[in-house]
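Novice: Below is a structure I'd like to ask you about.
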Amino acid sequence: MIMAKKKSPFLFEYFFGSHGFVLSAISLVCLLAYANSFQNHFMLDDNTILFGQSGVLNKSLWGIFTSDQGDFYRPIGHLPLWFFSRFLGSNYMGYHVVNFLLFVLIVFFLFVIVRKITSDAALSFLSALLYAIHPLNAMIINYITASVLAVFVLSMQISFLFFMCFSKQGQKRDYIFSLIFFILALFSHEMAIMLPVYLAAYLFFIKKECLGKIFRLLSPFMLLLLGWVIYRLQSPFFPHQFNSSFSATGNMAAFFSTWMDLVIWYLSNLLFPSKIIFLWSSQYGQEHLLRNAIIFASAFSLGTYAFFQWKRSWKSFLLMVFVLGIFLTVFSCFVNFPKVWPIIEPHWFYFSQVGFFVLLGWFLLTMVRKNHFMGGALGVSVILLLLIHCWDYNAKWESQEKYSLYWLSLNSGNLTPYYGLGRSLMDKGDYLGAKTCFLSGFKRLNYTSVQMAADLGHCLDMLRDDKEALNWLNAAAALDSHYALTYHYLGLYCNKRGNFAEAQEAFKKAVELDPKFSPAYVYLENS
């Protein structure tokens with residue numbers, strides 16, 4: 001008697017059916033991709049959010065909830081940073097380790113979510129791997145204060161997972177936990193406002209619910225969102241980013257073309273990650289209107305065709321999540337306009353871009369299953385290229401000066417890299433170079449910041465340009481009368497010129513505004 005040989009499961013799917021094995025494999029993959037990240041130093045907002053006047057080290061636990069951090073009010077997102085800063089202080093490597101662990105959890109939960117949606121362990125792991133090694137997502141590990149983004153994504157993922165469990169088993173506790181983590185996500189990052197929309201897409205495409213039931217199930221989420229919006233609008237912590245009017249752009253053709261310029265930059269770096277920075281600016285206008293209209297029409301037609309082909313399936317759902325994440329940029333790209341050029345930030349999509357990585361993984365895995373050799377060669381090539389780009393991008397975060405120079409070489413439409421480079425030159429004693437950098441940023445962009453104005457005033461003071469130094473220090477005080485470093489610089493300015501009484505008043509003001517980290521203490525003690 002001839003026994004029929006039992007068909008063995010596809011090897012990849014068999015091994016990655018174990019969550020413990022998956023978590024270990026993800027940890028190794030992430031370590032391989034980010035091994036050269038742990039030596040990267042503090043930079044830019046790291047210094048402000050950690051050690052600055054409004055930074056977490058300057059606050060009590062209660063203060064995290066009753067005041068902003070830098071220019072943002074994200075208390076839940078900043079909680080891990082507040083906690084670990086008590087132990088890590090200025091140990092930048094320790095913060096990178098924490099961010100690494102948070103990122104590993106994000107990638108693991110991505111695997112869990114995708115597997116629940118697709119029931120395909122191989123696809124789920126490949127999608128998680130692609131997400132993990134893509135340099136667009138490297139900011140979470142490289143940028144120390146990006147832990148706030150990790151908390152935001154994790155809160156979104158956990159809320160989504162609990163909602164999936166509720167939709168399957170009907171347990172009220174799962175629904176309540178989903179609501180709780182939605183609240184945590186809202187107080188971690190503003191992009192969490194999209195979660196109810198993603199849940200609606202899940203109910204429509206995966207659960208195939210009618211619109212009436214979708215509305216009933218999501219009403220509590222919408223009420224929470226409304227409450228959050230009302231609270232933020234009435235709160236003194238409402239970030240300046242939301243103060244600009246959507247109508248300020250005026251010309252709708254220019255608005256559309258500028259938005260498309262920003263979206264095309266993001267999409268092009270998803271496919272070919274060679275010009276990645278964590279904030280990309282675009283000059284407002286319609287120079288590329290025809291090109292952008294053709295690209296939009298082509299993408300819209302292709303997407304519509306895909307939805308009709310896939311109907312209500314997991315592919316349609318994931319494509320919709322990806323598209324909805326991009327759609328939000330119709331508003332978010334212009335929230336600073338017209339004070340600064342319209343911007344786009346890749347971390348806005350750290351939750352929604354899972355749709356892209358799953359569809360990319362599905363394409364690669366389909367190729368592998370059709371032709372092991374050709375498909376495998378394509379998949380391995382994509383993974384190796386992403387790893388190379390990731391290693392290269394990690395290296396650019398080595399120091400504030402290096403990253404600022406890299407940023408300016410690609411895009412000079414924001415003050416941040418000018419400030420980063422100028423401040424680095426200041427720290428090295430190159431006051432002339434710092435002055436030139438600050439003035440170049442002001443001239444090119446036609447707006448100022450209190451930090452740069454104060455630092456420019458100090459540089460001019462060190463260069464013995466008395467009149468201009470005082471002008472810029474006074475301008476900084478006018479921009480923000482609560483910025484402590486301005487008064488420290490004014491104290492130094494007055495001290496040098498023998499105005500000791502005025503110097504002491506300025507130093508006292510600096511210490512009063514920044515009681516923990518003000519460098520003015522030493523001048524008061526020595527007076």
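Chain labels follow the order of the structure tokens: the first chain is A, the next B, and so on; residue numbering restarts at 1 in every chain, and ligands are counted from 1 in their shown order.
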If DSSP is run on the backbone, what residues of stretch 96-304 of chain A are helix (DSSP H, G or I)? A reply as number ranges by chain would be ideal.
Specialist: A: 96-118, 121-133, 135-137, 139-142, 144-169, 172-186, 190-205, 211-234, 240-242, 246-249, 252-271, 289-304
Novice: Can you tell me which residues surround A:Pro273 at a distance of at most 9 Å, considering only C-alpha atoms, apart from same-chain residues fewer than 2 positions away, and format the answer as a count of residues only?
Specialist: 12
Novice: Counting only C-alpha atoms, figure out which residue out of A:Asn394, A:Thr416, A:Ser37, A:Ser147 gets nearest to A:Tyr447.
Specialist: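 Nearest to A:Tyr447: A:Thr416.
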Novice: Can I get the residues of stretch 347-381 of chain A within 10 Å of stretch 186-205 of chain A, each with the closest pair of atoms and their distance in Å to one decimal, using only C-alpha atoms, sorted chain first then ascending number, as a Markdown table?
Specialist:
```
| residue | atom | partner | partner_atom | distance |
| --- | --- | --- | --- | --- |
| A:His347 | CA | A:Met191 | CA | 9.5 |
| A:Trp348 | CA | A:Met191 | CA | 6.4 |
| A:Phe349 | CA | A:Met191 | CA | 8.4 |
| A:Tyr350 | CA | A:Met191 | CA | 9.7 |
| A:Phe351 | CA | A:Ala192 | CA | 9.1 |
| A:Ser352 | CA | A:Tyr198 | CA | 8.5 |
```
Novice: Select from stretch 195-415 of chain A everything DSSP, run on the backbone, classes as strand (DSSP E or B), then give the selection as number ranges by chain.
Specialist: A: 280-281, 343-344
Novice: Could you tell me how far atom CA of A:Ala297 sits from atom CA of A:Tyr266, in Å to one decimal place?
Specialist: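 It comes out at 17.6 Å.
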Novice: Quick one: everything within 12 Å of A:Leu290, counting only C-alpha atoms, minus sequence neighbours fewer than 2 positions away in the same chain. Send it as a PyMOL selection string.
Specialist: chain A and resi 253-254+256-258+260-261+286-288+292-297
Novice: For those residues, write all heavy atoms to a file as a compact mmCIF listing (two decimals), in the first residue's frame.
Specialist:
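Saved the output as selection.txt:
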```txt
# COMPACT_ATOMS: atom_id res chain seq x y z
N ALA A 253 -5.47 76.21 -6.93
CA ALA A 253 -4.57 75.50 -7.85
C ALA A 253 -3.17 75.41 -7.24
O ALA A 253 -2.52 74.36 -7.29
CB ALA A 253 -4.53 76.21 -9.19
N ALA A 254 -2.72 76.52 -6.65
CA ALA A 254 -1.40 76.52 -6.00
C ALA A 254 -1.41 75.62 -4.77
O ALA A 254 -0.43 74.92 -4.49
CB ALA A 254 -1.01 77.94 -5.62
N PHE A 256 -3.27 72.89 -4.32
CA PHE A 256 -3.23 71.51 -4.79
C PHE A 256 -1.84 71.13 -5.26
O PHE A 256 -1.31 70.07 -4.91
CB PHE A 256 -4.24 71.32 -5.93
CG PHE A 256 -4.06 70.04 -6.69
CD1 PHE A 256 -4.52 68.83 -6.18
CD2 PHE A 256 -3.40 70.04 -7.91
CE1 PHE A 256 -4.34 67.64 -6.87
CE2 PHE A 256 -3.22 68.85 -8.62
CZ PHE A 256 -3.68 67.66 -8.09
N SER A 257 -1.22 71.99 -6.06
CA SER A 257 0.09 71.67 -6.63
C SER A 257 1.15 71.56 -5.53
O SER A 257 2.00 70.66 -5.57
CB SER A 257 0.50 72.73 -7.65
OG SER A 257 1.69 72.37 -8.29
N THR A 258 1.09 72.46 -4.55
CA THR A 258 2.06 72.42 -3.45
C THR A 258 1.87 71.15 -2.62
O THR A 258 2.84 70.49 -2.23
CB THR A 258 1.91 73.65 -2.56
OG1 THR A 258 1.97 74.83 -3.37
CG2 THR A 258 3.02 73.72 -1.52
N MET A 260 0.67 68.34 -3.64
CA MET A 260 1.16 67.22 -4.42
C MET A 260 2.69 67.16 -4.41
O MET A 260 3.28 66.08 -4.37
CB MET A 260 0.64 67.29 -5.85
CG MET A 260 -0.76 66.77 -6.03
SD MET A 260 -0.94 65.02 -5.63
CE MET A 260 0.10 64.26 -6.89
N ASP A 261 3.35 68.32 -4.46
CA ASP A 261 4.82 68.32 -4.36
C ASP A 261 5.28 67.62 -3.09
O ASP A 261 6.23 66.82 -3.10
CB ASP A 261 5.35 69.77 -4.34
CG ASP A 261 5.33 70.42 -5.71
OD1 ASP A 261 5.27 69.69 -6.72
OD2 ASP A 261 5.38 71.66 -5.77
N GLN A 286 2.44 76.95 -7.98
CA GLN A 286 1.86 75.97 -8.90
C GLN A 286 2.77 75.70 -10.10
O GLN A 286 2.32 75.43 -11.20
CB GLN A 286 0.48 76.43 -9.37
CG GLN A 286 0.44 77.82 -9.99
CD GLN A 286 -0.99 78.28 -10.20
OE1 GLN A 286 -1.69 78.60 -9.25
NE2 GLN A 286 -1.44 78.28 -11.46
N GLU A 287 4.06 75.74 -9.85
CA GLU A 287 5.04 75.53 -10.91
C GLU A 287 4.88 74.16 -11.56
O GLU A 287 5.07 74.00 -12.77
CB GLU A 287 6.46 75.68 -10.33
CG GLU A 287 7.56 75.47 -11.34
CD GLU A 287 8.94 75.56 -10.72
OE1 GLU A 287 9.03 75.86 -9.50
OE2 GLU A 287 9.93 75.33 -11.44
N HIS A 288 4.53 73.14 -10.78
CA HIS A 288 4.42 71.77 -11.30
C HIS A 288 2.97 71.32 -11.42
O HIS A 288 2.66 70.14 -11.32
CB HIS A 288 5.16 70.80 -10.36
CG HIS A 288 6.58 71.18 -10.10
ND1 HIS A 288 7.08 71.35 -8.84
CD2 HIS A 288 7.60 71.44 -10.96
CE1 HIS A 288 8.36 71.69 -8.90
NE2 HIS A 288 8.70 71.75 -10.18
N ASN A 292 1.69 67.48 -11.65
CA ASN A 292 1.04 66.98 -10.45
C ASN A 292 -0.40 66.53 -10.72
O ASN A 292 -0.88 65.55 -10.14
CB ASN A 292 1.07 68.04 -9.35
CG ASN A 292 2.47 68.28 -8.82
OD1 ASN A 292 3.37 67.48 -9.07
ND2 ASN A 292 2.66 69.37 -8.11
N ALA A 293 -1.09 67.24 -11.61
CA ALA A 293 -2.46 66.86 -11.96
C ALA A 293 -2.47 65.50 -12.67
O ALA A 293 -3.34 64.66 -12.42
CB ALA A 293 -3.10 67.93 -12.83
N ILE A 294 -1.50 65.28 -13.55
CA ILE A 294 -1.42 64.01 -14.28
C ILE A 294 -1.11 62.87 -13.31
O ILE A 294 -1.73 61.80 -13.36
CB ILE A 294 -0.34 64.09 -15.39
CG1 ILE A 294 -0.80 65.06 -16.48
CG2 ILE A 294 -0.06 62.71 -15.97
CD1 ILE A 294 0.28 65.35 -17.51
N ILE A 295 -0.15 63.10 -12.39
CA ILE A 295 0.20 62.07 -11.41
C ILE A 295 -0.99 61.76 -10.51
O ILE A 295 -1.30 60.58 -10.23
CB ILE A 295 1.41 62.52 -10.57
CG1 ILE A 295 2.67 62.58 -11.45
CG2 ILE A 295 1.64 61.57 -9.39
CD1 ILE A 295 3.88 63.15 -10.76
N PHE A 296 -1.69 62.81 -10.06
CA PHE A 296 -2.86 62.59 -9.19
C PHE A 296 -3.94 61.80 -9.92
O PHE A 296 -4.51 60.85 -9.36
CB PHE A 296 -3.41 63.93 -8.72
CG PHE A 296 -4.63 63.81 -7.85
CD1 PHE A 296 -4.50 63.57 -6.49
CD2 PHE A 296 -5.92 63.91 -8.39
CE1 PHE A 296 -5.62 63.43 -5.68
CE2 PHE A 296 -7.04 63.77 -7.59
CZ PHE A 296 -6.89 63.54 -6.24
N ALA A 297 -4.23 62.18 -11.16
CA ALA A 297 -5.26 61.49 -11.93
C ALA A 297 -4.89 60.03 -12.16
O ALA A 297 -5.74 59.13 -12.06
CB ALA A 297 -5.49 62.21 -13.26
```
Novice: Tell me which protein, DNA and RNA residues are within 8 Å of A:Asn40, counting only C-alpha atoms, leaving out same-chain ones fewer than 2 positions away, and put them as an mmCIF file with N, CA, C and O atoms, in the first residue's frame.
Specialist:
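Contents of around15.cif, as written:
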```
data_model
loop_
_atom_site.group_PDB
_atom_site.id
_atom_site.type_symbol
_atom_site.label_atom_id
_atom_site.label_comp_id
_atom_site.auth_asym_id
_atom_site.auth_seq_id
_atom_site.Cartn_x
_atom_site.Cartn_y
_atom_site.Cartn_z
ATOM 1 N N SER A 37 23.297 53.167 15.220
ATOM 2 C CA SER A 37 22.511 54.315 15.699
ATOM 3 C C SER A 37 22.825 54.697 17.131
ATOM 4 O O SER A 37 22.593 55.833 17.532
ATOM 5 N N PHE A 38 23.335 53.768 17.912
ATOM 6 C CA PHE A 38 23.409 53.970 19.361
ATOM 7 C C PHE A 38 24.444 55.009 19.777
ATOM 8 O O PHE A 38 24.404 55.505 20.902
ATOM 9 N N PHE A 42 22.738 63.848 21.121
ATOM 10 C CA PHE A 42 21.560 64.706 21.212
ATOM 11 C C PHE A 42 21.616 65.747 20.100
ATOM 12 O O PHE A 42 22.695 66.225 19.738
ATOM 13 N N TYR A 92 23.189 59.601 26.215
ATOM 14 C CA TYR A 92 22.427 59.494 24.968
ATOM 15 C C TYR A 92 22.279 58.042 24.509
ATOM 16 O O TYR A 92 21.260 57.673 23.903
ATOM 17 N N MET A 93 23.254 57.190 24.784
ATOM 18 C CA MET A 93 23.161 55.796 24.345
ATOM 19 C C MET A 93 21.989 55.088 25.039
ATOM 20 O O MET A 93 21.281 54.278 24.423
ATOM 21 N N ASN A 142 16.864 56.924 15.968
ATOM 22 C CA ASN A 142 17.961 57.886 15.857
ATOM 23 C C ASN A 142 17.717 59.192 16.614
ATOM 24 O O ASN A 142 18.656 59.804 17.114
ATOM 25 N N ALA A 395 23.915 56.913 9.904
ATOM 26 C CA ALA A 395 25.218 57.580 10.047
ATOM 27 C C ALA A 395 25.079 59.096 9.964
ATOM 28 O O ALA A 395 25.890 59.828 10.549
ATOM 29 N N TRP A 397 22.893 60.869 11.368
ATOM 30 C CA TRP A 397 22.411 61.384 12.644
ATOM 31 C C TRP A 397 23.533 61.457 13.691
ATOM 32 O O TRP A 397 23.262 61.739 14.866
ATOM 33 N N GLU A 398 24.751 61.253 13.298
ATOM 34 C CA GLU A 398 25.855 61.169 14.249
ATOM 35 C C GLU A 398 25.970 62.406 15.130
ATOM 36 O O GLU A 398 26.244 62.317 16.331
ATOM 37 N N SER A 399 25.781 63.564 14.548
ATOM 38 C CA SER A 399 25.875 64.804 15.319
ATOM 39 C C SER A 399 24.928 65.838 14.732
ATOM 40 O O SER A 399 24.480 65.721 13.588
#
```
Novice: Considering only C-alpha atoms, tabulate each residue of stretch 30-129 of chain A that lies at most 12 Å from stretch 318-331 of chain A along with its nearest interatomic pair and the corresponding distance in Å to one decimal; arrange the rows by chain and ascending residue number and present them as a tab-separated table.
Specialist:
```
residue	atom	partner	partner_atom	distance
A:Ile113	CA	A:Leu318	CA	11.3
A:Val114	CA	A:Leu318	CA	9.4
A:Ile117	CA	A:Leu318	CA	9.4
A:Thr118	CA	A:Leu318	CA	10.2
A:Ser127	CA	A:Leu318	CA	11.9
```
Novice: Could you turn the residues from that selection into a file that holds N, CA and C atoms, as a PDB file, in the first residue's frame?
Specialist:
```
ATOM      1  N   ILE A 113      -1.055  42.496  14.126  1.00  0.00           N
ATOM      2  CA  ILE A 113      -2.231  43.086  13.475  1.00  0.00           C
ATOM      3  C   ILE A 113      -2.403  42.534  12.064  1.00  0.00           C
ATOM      4  N   VAL A 114      -1.316  42.514  11.307  1.00  0.00           N
ATOM      5  CA  VAL A 114      -1.401  42.058   9.916  1.00  0.00           C
ATOM      6  C   VAL A 114      -1.775  40.584   9.855  1.00  0.00           C
ATOM      7  N   ILE A 117      -5.412  40.166  10.358  1.00  0.00           N
ATOM      8  CA  ILE A 117      -6.196  40.642   9.213  1.00  0.00           C
ATOM      9  C   ILE A 117      -6.069  39.708   8.015  1.00  0.00           C
ATOM     10  N   THR A 118      -4.855  39.226   7.744  1.00  0.00           N
ATOM     11  CA  THR A 118      -4.602  38.459   6.514  1.00  0.00           C
ATOM     12  C   THR A 118      -4.552  36.952   6.733  1.00  0.00           C
ATOM     13  N   SER A 127       6.133  41.892   5.919  1.00  0.00           N
ATOM     14  CA  SER A 127       5.675  43.284   6.031  1.00  0.00           C
ATOM     15  C   SER A 127       6.335  43.973   7.216  1.00  0.00           C
TER      16      SER A 127
END
```
Novice: Have a look at atom CA of A:Leu129 and atom CA of A:Ile277 and let me know their distance in Å, one decimal.
Specialist: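 Atom-to-atom, atom CA of A:Leu129 to atom CA of A:Ile277, that is 21.4 Å.
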Novice: Given the choices A:Leu81, A:Leu101, A:Leu408, A:Val112, which gets closest to A:Ser18 if the distance is worked out from only C-alpha atoms?
Specialist: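 Of A:Leu81, A:Leu101, A:Leu408, A:Val112, the one nearest A:Ser18 is A:Val112, counting only C-alpha atoms.
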Novice: Smallest atom-to-atom distance to A:Thr448: which of A:Ile76, A:Ser90, A:Ala434, A:Trp472, using only C-alpha atoms?
Specialist: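 Of A:Ile76, A:Ser90, A:Ala434, A:Trp472, the one nearest A:Thr448 is A:Trp472, counting only C-alpha atoms.
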Novice: Which one of A:Arg291, A:Arg444, A:Arg312, A:Arg497 sits closest to A:Val340 if you count only C-alpha atoms?
Specialist: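 Once distances to A:Val340 are computed over only C-alpha atoms, the minimum belongs to A:Arg444.
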Novice: Show which residues sit within 10 Å of A:Cys494, as a list in words. Count only C-alpha atoms, and ignore same-chain residues fewer than 4 positions away.
Specialist: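 Near neighbours after the sequence-gap exclusion: Leu470, His488, Tyr489, Leu490, Gly498, Asn499, Phe500, Ala501, Glu502, Ala503, Gln504, Glu505 and Ala506 of chain A.
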Novice: Emit the selected residues as an mmCIF file, in the first residue's frame, including all heavy atoms.
Specialist:
```cif
data_model
loop_
_atom_site.group_PDB
_atom_site.id
_atom_site.type_symbol
_atom_site.label_atom_id
_atom_site.label_comp_id
_atom_site.auth_asym_id
_atom_site.auth_seq_id
_atom_site.Cartn_x
_atom_site.Cartn_y
_atom_site.Cartn_z
ATOM 1 N N LEU A 470 22.906 94.101 20.673
ATOM 2 C CA LEU A 470 21.820 94.564 21.537
ATOM 3 C C LEU A 470 20.483 94.559 20.792
ATOM 4 O O LEU A 470 19.445 94.213 21.365
ATOM 5 C CB LEU A 470 22.139 95.968 22.063
ATOM 6 C CG LEU A 470 21.194 96.505 23.156
ATOM 7 C CD1 LEU A 470 21.170 95.560 24.355
ATOM 8 C CD2 LEU A 470 21.612 97.910 23.579
ATOM 9 N N HIS A 488 20.149 85.591 29.971
ATOM 10 C CA HIS A 488 21.525 85.195 30.280
ATOM 11 C C HIS A 488 22.494 85.911 29.331
ATOM 12 O O HIS A 488 23.518 86.453 29.768
ATOM 13 C CB HIS A 488 21.688 83.693 30.143
ATOM 14 C CG HIS A 488 23.102 83.221 30.278
ATOM 15 N ND1 HIS A 488 23.819 83.324 31.452
ATOM 16 C CD2 HIS A 488 23.955 82.665 29.368
ATOM 17 C CE1 HIS A 488 25.036 82.849 31.275
ATOM 18 N NE2 HIS A 488 25.143 82.435 30.020
ATOM 19 N N TYR A 489 22.157 85.914 28.038
ATOM 20 C CA TYR A 489 23.011 86.615 27.065
ATOM 21 C C TYR A 489 23.048 88.114 27.329
ATOM 22 O O TYR A 489 24.104 88.763 27.198
ATOM 23 C CB TYR A 489 22.495 86.366 25.647
ATOM 24 C CG TYR A 489 22.701 84.973 25.115
ATOM 25 C CD1 TYR A 489 21.811 84.421 24.193
ATOM 26 C CD2 TYR A 489 23.779 84.190 25.517
ATOM 27 C CE1 TYR A 489 21.989 83.142 23.685
ATOM 28 C CE2 TYR A 489 23.972 82.916 25.014
ATOM 29 C CZ TYR A 489 23.072 82.394 24.106
ATOM 30 O OH TYR A 489 23.248 81.128 23.597
ATOM 31 N N LEU A 490 21.896 88.682 27.721
ATOM 32 C CA LEU A 490 21.876 90.114 28.055
ATOM 33 C C LEU A 490 22.760 90.401 29.266
ATOM 34 O O LEU A 490 23.444 91.440 29.321
ATOM 35 C CB LEU A 490 20.436 90.558 28.340
ATOM 36 C CG LEU A 490 19.587 90.928 27.117
ATOM 37 C CD1 LEU A 490 18.120 91.046 27.509
ATOM 38 C CD2 LEU A 490 20.087 92.223 26.488
ATOM 39 N N GLY A 498 30.590 96.662 31.664
ATOM 40 C CA GLY A 498 30.665 97.302 32.976
ATOM 41 C C GLY A 498 29.333 97.706 33.559
ATOM 42 O O GLY A 498 29.304 98.380 34.596
ATOM 43 N N ASN A 499 28.232 97.294 32.917
ATOM 44 C CA ASN A 499 26.903 97.628 33.450
ATOM 45 C C ASN A 499 26.469 96.515 34.413
ATOM 46 O O ASN A 499 25.571 95.725 34.124
ATOM 47 C CB ASN A 499 25.888 97.768 32.310
ATOM 48 C CG ASN A 499 26.308 98.826 31.309
ATOM 49 O OD1 ASN A 499 26.885 99.844 31.681
ATOM 50 N ND2 ASN A 499 26.004 98.590 30.043
ATOM 51 N N PHE A 500 27.115 96.477 35.573
ATOM 52 C CA PHE A 500 26.969 95.329 36.466
ATOM 53 C C PHE A 500 25.574 95.227 37.094
ATOM 54 O O PHE A 500 25.060 94.115 37.300
ATOM 55 C CB PHE A 500 28.037 95.382 37.553
ATOM 56 C CG PHE A 500 29.427 95.356 36.996
ATOM 57 C CD1 PHE A 500 30.295 96.423 37.179
ATOM 58 C CD2 PHE A 500 29.872 94.261 36.257
ATOM 59 C CE1 PHE A 500 31.578 96.394 36.657
ATOM 60 C CE2 PHE A 500 31.150 94.229 35.733
ATOM 61 C CZ PHE A 500 32.012 95.300 35.931
ATOM 62 N N ALA A 501 24.956 96.332 37.387
ATOM 63 C CA ALA A 501 23.609 96.296 37.983
ATOM 64 C C ALA A 501 22.607 95.704 36.978
ATOM 65 O O ALA A 501 21.767 94.857 37.340
ATOM 66 C CB ALA A 501 23.179 97.697 38.398
ATOM 67 N N GLU A 502 22.699 96.172 35.728
ATOM 68 C CA GLU A 502 21.799 95.643 34.694
ATOM 69 C C GLU A 502 22.095 94.164 34.440
ATOM 70 O O GLU A 502 21.168 93.369 34.198
ATOM 71 C CB GLU A 502 21.958 96.439 33.400
ATOM 72 C CG GLU A 502 21.470 97.868 33.491
ATOM 73 C CD GLU A 502 21.681 98.621 32.187
ATOM 74 O OE1 GLU A 502 21.626 97.977 31.112
ATOM 75 O OE2 GLU A 502 21.907 99.843 32.245
ATOM 76 N N ALA A 503 23.387 93.818 34.504
ATOM 77 C CA ALA A 503 23.759 92.415 34.292
ATOM 78 C C ALA A 503 23.137 91.528 35.355
ATOM 79 O O ALA A 503 22.594 90.459 35.062
ATOM 80 C CB ALA A 503 25.278 92.270 34.294
ATOM 81 N N GLN A 504 23.192 91.993 36.623
ATOM 82 C CA GLN A 504 22.632 91.195 37.710
ATOM 83 C C GLN A 504 21.119 91.015 37.569
ATOM 84 O O GLN A 504 20.588 89.932 37.820
ATOM 85 C CB GLN A 504 22.955 91.850 39.057
ATOM 86 C CG GLN A 504 24.398 91.668 39.477
ATOM 87 C CD GLN A 504 24.762 90.198 39.634
ATOM 88 O OE1 GLN A 504 24.272 89.512 40.523
ATOM 89 N NE2 GLN A 504 25.612 89.696 38.755
ATOM 90 N N GLU A 505 20.433 92.059 37.124
ATOM 91 C CA GLU A 505 18.991 91.955 36.901
ATOM 92 C C GLU A 505 18.683 90.930 35.810
ATOM 93 O O GLU A 505 17.736 90.141 35.930
ATOM 94 C CB GLU A 505 18.422 93.332 36.525
ATOM 95 C CG GLU A 505 18.345 94.313 37.681
ATOM 96 C CD GLU A 505 17.502 93.790 38.829
ATOM 97 O OE1 GLU A 505 16.389 93.285 38.583
ATOM 98 O OE2 GLU A 505 17.976 93.852 39.980
ATOM 99 N N ALA A 506 19.483 90.962 34.756
ATOM 100 C CA ALA A 506 19.270 90.019 33.657
ATOM 101 C C ALA A 506 19.542 88.584 34.100
ATOM 102 O O ALA A 506 18.775 87.661 33.783
ATOM 103 C CB ALA A 506 20.160 90.386 32.465
#
```
